[in-house]
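A quick write-up on the structure given underneath.
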Amino acid sequence: MALHCPETPPTPPGTHRVVALVAPKQELYPVTSASAVFGYHGPDIPQHYGFSLCAEHPGSLPTTLGAPIQVDNGLDAVDDAGTVVIAGWSWTHTPSPAVLDAVSRAHTRGARVVAVAAGIFVPAALGLLDGRRASVHWELSDELAARHPRVVLDNTVIYVDHGDVATAGASAATLDLCLHQVLQEHGAAHAMRIGRQLAAGPHREGCQRQYPPLPTTGPMPDSLAPLLEWLLARLPDQVTVEDMAAYSGVSPRTLTRQFAEQLGVPPARWLLERRLAATRAMLEETDLPVETIATRVGLSSAVNLRRRFHTALHTTPAAYRRSFR
């Protein structure tokens with residue numbers, strides 16, 4: 001039985017169309033991740049995006065899951081897309097002239113091209129990454145360097161965003177990169193609402209920008225989920241690593257190792273990122289004084305909040321509020 005996208009209400013006029021270009025033997029994780037971010041989130045969250053699939057040869061396409069997906073749209077769906085997501089691509093498969101032409105036309109008229117994992121071979125073949133840094137999965141580095149030596153490869157970061165073209169090295173970074181786009185286009189508060197609905201966990205930094213992405217992306221590891229949810233409910237409290245370890249029933253050293261292995265950051269860093277994310281949302285959505293926000297997010301004082309905020313974002317809370325309120 002073929003897999004179909006769930007029924008959603010009609011996309012409101014004027015929304016940003018996101019089209020995922022898929023291929024045979026498609027990996028579903030990046031497709032479903034993009035759909036989860038850009039798809040319908042119910043009546044309580046504004047719908048800024050519409051999401052659909054297309055393929056060079058529409059119909060029933062095999063996937064790595066073993067069940068096919070039904071894709072009804074051809075490459076002409078790319079013609080009015082605001083964002084084209086190339087959700088993985090077999091690195092042994094050279095994109096056809098028709099695919100390259102469709103993506104090139106979209107990019108030329110101003111559409112954003114997002115390439116995940118081996119999907120990077122499409123913008124690379126078009127020369128869109130020549131002389132530019134790109135996130136690449138380490139398994140693909142040698143092949144991509146041989147085919148496209150002018151691309152500046154970086155297999156140490158999970159994504160790089162140039163605005164018109166963005167690359168994510170691995171499928172698991174799709175949520176991070178898609179929520180990053182939402183943040184850039186509609187602000188931290190909206191991105192956080194989507195992230196919370198997806199039960200999204202901590203952000204793993206991709207490419208640093210002046211306003212880096214929210215720590216709201218990626219699924220929570222099962223072993224740490226109870227602790228992370230406990231922490232999120234206690235942001236105003238002064239919780240130490242020892243408190244976290246006691247709640248989890250492990251030693252502080254063991255807890256720190258678990259965070260490093262599963263989340264890539266120490267416990268205190270994870271908690272600070274969440275507090276800064278909550279700060280950004282309050283600056284966008286409320287007129288609360290900085291002192292009040294500092295108390296509500298657990299940063300104790302306006303002085304401490306301003307210092308932490310400037311270190312992370314290279315701006316002040318007041319300047320951020322003027323830009324995003």
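Residues are named by chain letter and number: chains run A, B, ... in the order of the structure tokens, numbers start at 1 in each chain, and ligands are numbered from 1 in the order shown.
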Exercise: Ser104 in chain A partners within 10 Å, only C-alpha atoms, chain neighbours under 2 positions left out, as a compact mmCIF listing (two decimals) with N, CA, C and O atoms, in the first residue's frame:
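Wrote part-v4.txt, looks like this:
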# COMPACT_ATOMS: atom_id res chain seq x y z
N ALA A 98 16.48 17.47 -16.89
CA ALA A 98 15.16 18.04 -16.56
C ALA A 98 15.11 18.51 -15.12
O ALA A 98 14.58 19.59 -14.81
N VAL A 99 15.67 17.71 -14.19
CA VAL A 99 15.70 18.11 -12.78
C VAL A 99 16.58 19.34 -12.60
O VAL A 99 16.20 20.30 -11.93
N LEU A 100 17.76 19.33 -13.21
CA LEU A 100 18.66 20.47 -13.07
C LEU A 100 18.03 21.74 -13.64
O LEU A 100 18.17 22.82 -13.07
N ASP A 101 17.34 21.61 -14.76
CA ASP A 101 16.71 22.77 -15.37
C ASP A 101 15.61 23.33 -14.48
O ASP A 101 15.48 24.54 -14.31
N ALA A 102 14.81 22.45 -13.88
CA ALA A 102 13.71 22.89 -13.02
C ALA A 102 14.24 23.63 -11.79
O ALA A 102 13.74 24.70 -11.41
N ALA A 106 13.97 27.72 -10.82
CA ALA A 106 13.42 28.15 -9.53
C ALA A 106 14.41 29.09 -8.83
O ALA A 106 14.02 30.15 -8.31
N HIS A 107 15.66 28.72 -8.82
CA HIS A 107 16.67 29.54 -8.16
C HIS A 107 16.82 30.89 -8.85
O HIS A 107 16.93 31.94 -8.20
N THR A 108 16.78 30.91 -10.16
CA THR A 108 16.95 32.14 -10.92
C THR A 108 15.84 33.15 -10.61
O THR A 108 16.07 34.36 -10.54
N ARG A 109 14.62 32.65 -10.40
CA ARG A 109 13.52 33.58 -10.12
C ARG A 109 13.41 33.90 -8.63
O ARG A 109 12.50 34.61 -8.21
N GLY A 110 14.35 33.39 -7.82
CA GLY A 110 14.39 33.79 -6.43
C GLY A 110 13.97 32.77 -5.41
O GLY A 110 13.91 33.07 -4.21
N ALA A 111 13.65 31.54 -5.84
CA ALA A 111 13.27 30.50 -4.87
C ALA A 111 14.49 30.06 -4.07
O ALA A 111 15.62 30.09 -4.55
N VAL A 113 16.71 27.20 -2.35
CA VAL A 113 17.01 25.79 -2.59
C VAL A 113 17.61 25.21 -1.31
O VAL A 113 18.64 25.70 -0.82
N VAL A 122 22.67 18.20 -6.37
CA VAL A 122 21.88 18.98 -7.34
C VAL A 122 22.36 20.42 -7.41
O VAL A 122 22.76 20.89 -8.48
N PRO A 123 22.36 21.20 -6.30
CA PRO A 123 22.90 22.57 -6.40
C PRO A 123 24.38 22.60 -6.76
O PRO A 123 24.83 23.54 -7.42
N LEU A 126 24.76 22.46 -10.44
CA LEU A 126 24.34 23.71 -11.07
C LEU A 126 25.33 24.85 -10.84
O LEU A 126 25.14 25.94 -11.36
N GLY A 127 26.36 24.58 -10.05
CA GLY A 127 27.34 25.62 -9.75
C GLY A 127 26.89 26.60 -8.68
O GLY A 127 27.55 27.61 -8.45
N LEU A 128 25.78 26.31 -8.01
CA LEU A 128 25.25 27.24 -7.01
C LEU A 128 26.10 27.28 -5.74
O LEU A 128 25.96 28.21 -4.94
Every residue of range 6-232 of chain A that DSSP places in alpha helix (DSSP H), as a PyMOL selection string: chain A and resi 28-38+97-108+121-125+141-147+174-186+188-197+225-232
Using only C-alpha atoms, tabulate the residues of range 114-200 of chain A lying at most 12 Å from any atom of range 284-291 of chain A, each with its closest atom pair and that distance in Å to one decimal, by chain and increasing residue number, as a Markdown table.
| residue | atom | partner | partner_atom | distance |
| --- | --- | --- | --- | --- |
| A:Leu183 | CA | A:Glu284 | CA | 11.7 |
| A:His186 | CA | A:Glu284 | CA | 10.6 |
| A:Gly187 | CA | A:Glu284 | CA | 7.7 |
| A:Ala188 | CA | A:Glu284 | CA | 7.5 |
| A:Ala189 | CA | A:Glu284 | CA | 6.6 |
| A:His190 | CA | A:Glu284 | CA | 9.5 |
| A:Ala191 | CA | A:Glu284 | CA | 11.6 |
| A:Met192 | CA | A:Glu284 | CA | 11.4 |
| A:Arg193 | CA | A:Glu285 | CA | 11.8 |
Shell around His162 in chain A at 12 Å using only C-alpha atoms, local window under 3 positions removed, as a PyMOL selection string: chain A and resi 112-115+128-129+131-135+159+165-168+177+181+206-209
Go ahead and write the selection's residues with N, CA, C and O atoms as a CSV table (one decimal), in the first residue's frame.
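Wrote it out as selection_22.csv, contents follow:
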chain,number,residue,atom,x,y,z
A,112,ARG,N,14.2,29.7,-2.9
A,112,ARG,CA,15.3,29.1,-2.0
A,112,ARG,C,15.5,27.7,-2.3
A,112,ARG,O,14.5,26.9,-2.4
A,113,VAL,N,16.7,27.2,-2.3
A,113,VAL,CA,17.0,25.8,-2.6
A,113,VAL,C,17.6,25.2,-1.3
A,113,VAL,O,18.6,25.7,-0.8
A,114,VAL,N,17.0,24.2,-0.8
A,114,VAL,CA,17.4,23.5,0.4
A,114,VAL,C,17.8,22.1,0.1
A,114,VAL,O,16.9,21.3,-0.4
A,115,ALA,N,19.0,21.7,0.2
A,115,ALA,CA,19.5,20.4,-0.1
A,115,ALA,C,19.9,19.6,1.1
A,115,ALA,O,20.7,20.1,1.9
A,128,LEU,N,25.8,26.3,-8.0
A,128,LEU,CA,25.2,27.2,-7.0
A,128,LEU,C,26.1,27.3,-5.7
A,128,LEU,O,26.0,28.2,-4.9
A,129,LEU,N,27.0,26.3,-5.6
A,129,LEU,CA,27.8,26.2,-4.4
A,129,LEU,C,29.3,26.5,-4.7
A,129,LEU,O,30.1,26.4,-3.8
A,131,GLY,N,32.7,28.0,-4.8
A,131,GLY,CA,33.3,29.0,-3.9
A,131,GLY,C,32.6,29.3,-2.6
A,131,GLY,O,32.9,30.2,-1.9
A,132,ARG,N,31.6,28.4,-2.3
A,132,ARG,CA,30.8,28.7,-1.1
A,132,ARG,C,30.9,27.5,-0.2
A,132,ARG,O,31.0,26.3,-0.6
A,133,ARG,N,30.8,27.7,1.1
A,133,ARG,CA,30.9,26.7,2.1
A,133,ARG,C,29.6,25.9,2.1
A,133,ARG,O,28.5,26.5,2.0
A,134,ALA,N,29.7,24.6,2.2
A,134,ALA,CA,28.5,23.8,2.2
A,134,ALA,C,28.6,22.6,3.3
A,134,ALA,O,29.7,22.1,3.4
A,135,SER,N,27.6,22.3,4.0
A,135,SER,CA,27.6,21.2,4.9
A,135,SER,C,27.4,19.9,4.1
A,135,SER,O,26.5,19.8,3.3
A,159,TYR,N,24.6,22.2,9.3
A,159,TYR,CA,24.0,22.9,8.1
A,159,TYR,C,24.7,24.2,7.9
A,159,TYR,O,25.3,24.8,8.8
A,165,VAL,N,20.6,29.4,-1.0
A,165,VAL,CA,20.9,28.0,-1.0
A,165,VAL,C,21.3,27.6,0.4
A,165,VAL,O,22.1,28.3,1.1
A,166,ALA,N,20.8,26.5,0.9
A,166,ALA,CA,21.1,26.0,2.2
A,166,ALA,C,21.4,24.5,2.1
A,166,ALA,O,20.7,23.8,1.3
A,167,THR,N,22.3,24.0,2.9
A,167,THR,CA,22.7,22.6,2.8
A,167,THR,C,22.7,22.0,4.2
A,167,THR,O,23.2,22.6,5.2
A,168,ALA,N,22.2,20.8,4.4
A,168,ALA,CA,22.2,20.1,5.6
A,168,ALA,C,23.0,18.7,5.4
A,168,ALA,O,22.6,18.0,4.5
A,177,LEU,N,17.3,22.7,10.2
A,177,LEU,CA,17.4,23.7,9.1
A,177,LEU,C,16.0,24.3,8.7
A,177,LEU,O,15.9,25.5,8.4
A,181,GLN,N,14.7,28.2,9.0
A,181,GLN,CA,14.1,29.1,8.0
A,181,GLN,C,12.8,29.7,8.6
A,181,GLN,O,12.6,30.9,8.3
A,206,GLY,N,24.1,24.9,13.7
A,206,GLY,CA,24.6,24.7,12.3
A,206,GLY,C,25.6,25.8,12.0
A,206,GLY,O,26.6,25.9,12.6
A,207,CYS,N,25.2,26.7,11.1
A,207,CYS,CA,26.1,27.8,10.8
A,207,CYS,C,25.6,29.0,11.7
A,207,CYS,O,24.5,29.2,11.8
A,208,GLN,N,26.6,29.6,12.3
A,208,GLN,CA,26.2,30.7,13.2
A,208,GLN,C,25.9,32.0,12.4
A,208,GLN,O,26.6,32.4,11.5
A,209,ARG,N,24.8,32.6,12.7
A,209,ARG,CA,24.4,33.9,12.2
A,209,ARG,C,24.2,34.8,13.3
A,209,ARG,O,24.3,34.5,14.5
